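Below is one structure, written out as structure tokens, with a few remarks after it.
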Amino acid sequence: MLKHAEIWRALDKLAAENGLSASGLARKAGLDPTAFNKSKRINPQGKPRWPTMESVAKVLDATDATLAEYARILGPAGGRSGRRYPVIGLAKAGQGGFFDDAGYPTGSGWDEVEGPDVGDPNAYALEITGESMVPVYRPRDVIIVSPAAPTKAGDRVVVRTRGGEVMAKELIRRTARRIELKSVSTRHVDPVVAAKDLDWIARIMWVSQ
């Protein structure tokens with residue numbers, strides 16, 4: 001029999017695999033943004049509150065996940081414990097010496113931060129600095145990114161150009177010639193990066209919101 005904590009843990013894991021917080025997952029599924037908040041998982045009488053089948057179905061549809069994939073997350077492998085990640089500031093990631101040619105973390109100058117296991121031994125964390133990505137990402141939010149995870153339209157990603165610019169954006173379209181991105185803040189233009197100018201792209205797997 002599935003336990004209350006396992007059901008919610010699976011939704012948190014599905015959110016992490018899509019680079020979303022619990023509230024971001026609810027919003028993407030067309031639900032009240034607070035529907036999956038931890039404070040809503042226990043009712044005022046102190047009893048467990050379970051997500052409805054309708055809300056789970058909407059989440060699966062919004063994330064293009066199948067029921068089999070959700071069952072996998074619910075299974076023994078889905079309950080991965082946390083781990084420690086190398087972490088640097090997002091702005092600092094634009095400097096040389098922190099990544100190899102494939103976009104994997106290297107060198108010194110990294111700190112460490114705790115986070116959920118996203119299934120990639122080479123995943124790392126970046127700390128958001130500045131106000132340019134508010135309200136999606138706030139200063140001191142930490143994002144965990146995977147350089148090995150496949151990316152598709154709609155994924156939130158971190159992109160580094162050969163000129164050293166590092167951006168957290170939404171991937172709109174990727175062709176052999178260019179990468180079209182959408183800014184997470186309406187105050188900024190939606191950039192297009194020529195393929196020849198791309199250093200690396202990594203998918204955002206989790207955010208500490």
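By convention here, the chains of the structure tokens are called A, B, ... in the order presented, each chain's residues are numbered starting at 1, and ligands are numbered starting at 1 in the order presented.
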(request) Within 10 Å of A:Val113, counting only C-alpha atoms, which residues show up once you throw out same-chain ones fewer than 3 positions away? Write them as a VMD selection string, please. (result) chain A and resid 83 to 88 110 124 to 127 142 144
(request) Just the helix (DSSP H, G or I) stuff from stretch 37-201 of chain A, please, per backbone DSSP, written as a PyMOL selection string. (result) chain A and resi 38-40+53-62+67-74+76-79+92-94+195-197
(message) Using only C-alpha atoms, can you tell me which of A:Val158, A:Ile172, A:Ile73, A:Ala29 comes closest to A:Gly103?
(response) A:Val158
Can you list every residue of stretch 83-193 of chain A that has an atom at most 6 Å from stretch 201-208 of chain A, with its nearest atom pair and the distance in Å to one decimal, using only C-alpha atoms, ordered by chain then number, as a Markdown table?
| residue | atom | partner | partner_atom | distance |
| --- | --- | --- | --- | --- |
| A:Asp141 | CA | A:Ser208 | CA | 5.7 |
| A:Val142 | CA | A:Ser208 | CA | 5.3 |
| A:Ile143 | CA | A:Val207 | CA | 4.3 |
| A:Ile144 | CA | A:Trp206 | CA | 5.2 |
| A:Val145 | CA | A:Ile204 | CA | 4.3 |
| A:Ser146 | CA | A:Arg203 | CA | 5.4 |
| A:Pro147 | CA | A:Ala202 | CA | 4.4 |
| A:Arg156 | CA | A:Ile204 | CA | 5.6 |
| A:Val157 | CA | A:Arg203 | CA | 4.3 |
| A:Val158 | CA | A:Ala202 | CA | 5.3 |
| A:Val159 | CA | A:Ile201 | CA | 4.5 |
(request) List every residue of chain A that DSSP, applied to the backbone of this structure, assigns to strand (DSSP E), and report them as a PyMOL selection string. (result) chain A and resi 82-89+111-116+124-127+142-146+156-161+166-174+178-183+192-194+198-207
(request) Using atom CA of A:Glu17 and atom CA of A:Glu112 as the two end points, give the distance in Å to one decimal. (result)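 If I compute the distance from atom CA of A:Glu17 to atom CA of A:Glu112, I get 20.7 Å.
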(request) Name the residues in contact with A:Asp101 at a cut-off of 12 Å, using only C-alpha atoms, excluding same-chain residues fewer than 4 positions from it; report them as a list in words. (result) Gly96, Gly97, Pro105, Thr106, Pro147, Arg160, Thr161, Arg162, Leu198, Asp199, Trp200 and Ile201 of chain A
Residue subset to file, keeping C-alpha atoms, as a PDB file, in the first residue's frame:
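Final output, saved to out01.pdb:
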ATOM      1  CA  GLY A  96      36.999  30.419 -17.125  1.00  0.00           C
ATOM      2  CA  GLY A  97      38.286  27.388 -15.255  1.00  0.00           C
ATOM      3  CA  PRO A 105      32.207  20.991 -13.566  1.00  0.00           C
ATOM      4  CA  THR A 106      35.957  20.971 -13.078  1.00  0.00           C
ATOM      5  CA  PRO A 147      24.679  18.438 -18.367  1.00  0.00           C
ATOM      6  CA  ARG A 160      26.692  29.298 -21.614  1.00  0.00           C
ATOM      7  CA  THR A 161      27.988  31.051 -24.720  1.00  0.00           C
ATOM      8  CA  ARG A 162      31.562  30.911 -25.958  1.00  0.00           C
ATOM      9  CA  LEU A 198      27.043  27.894 -27.908  1.00  0.00           C
ATOM     10  CA  ASP A 199      29.510  26.568 -25.345  1.00  0.00           C
ATOM     11  CA  TRP A 200      27.092  24.231 -23.555  1.00  0.00           C
ATOM     12  CA  ILE A 201      23.479  23.788 -22.491  1.00  0.00           C
TER      13      ILE A 201
END
(request) Mind checking which residues fall within 9 Å of stretch 179-191 of chain A, counting only C-alpha atoms, ignoring those fewer than 6 positions away in the same chain, and posting them as a ChimeraX atom specification? (result) /A:132-137,156,167-173,198
(request) Find, counting only C-alpha atoms, the residue in A:Ile42, A:Leu74, A:Leu60, A:Ala35 that gets nearest to A:Arg9. (result)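 When distances to A:Arg9 are compared using only C-alpha atoms, the smallest one comes from A:Leu74.
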(request) Could you tell me which of A:Gly163, A:Gly119, A:Pro48, A:Gly109 comes closest to A:Gly82 if we count only C-alpha atoms? (result)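 Of the candidates, the smallest distance to A:Gly82 is held by A:Gly119.
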(message) With only C-alpha atoms as the counted atoms, please give the residues lying no more than 8 Å from A:Ala22, apart from itself and same-chain residues fewer than 3 positions off, as a list in words.
(response)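 Counting only C-alpha atoms, the residues come to Leu11, Asp12, Ala15, Leu25, Ala26, Phe36 and Asn37 of chain A.
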(request) Find the distance between atom CA of A:Ile7 and atom CA of A:Trp50 and write it in Å to one decimal. (result)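 Interatomic distance here is 7.8 Å.
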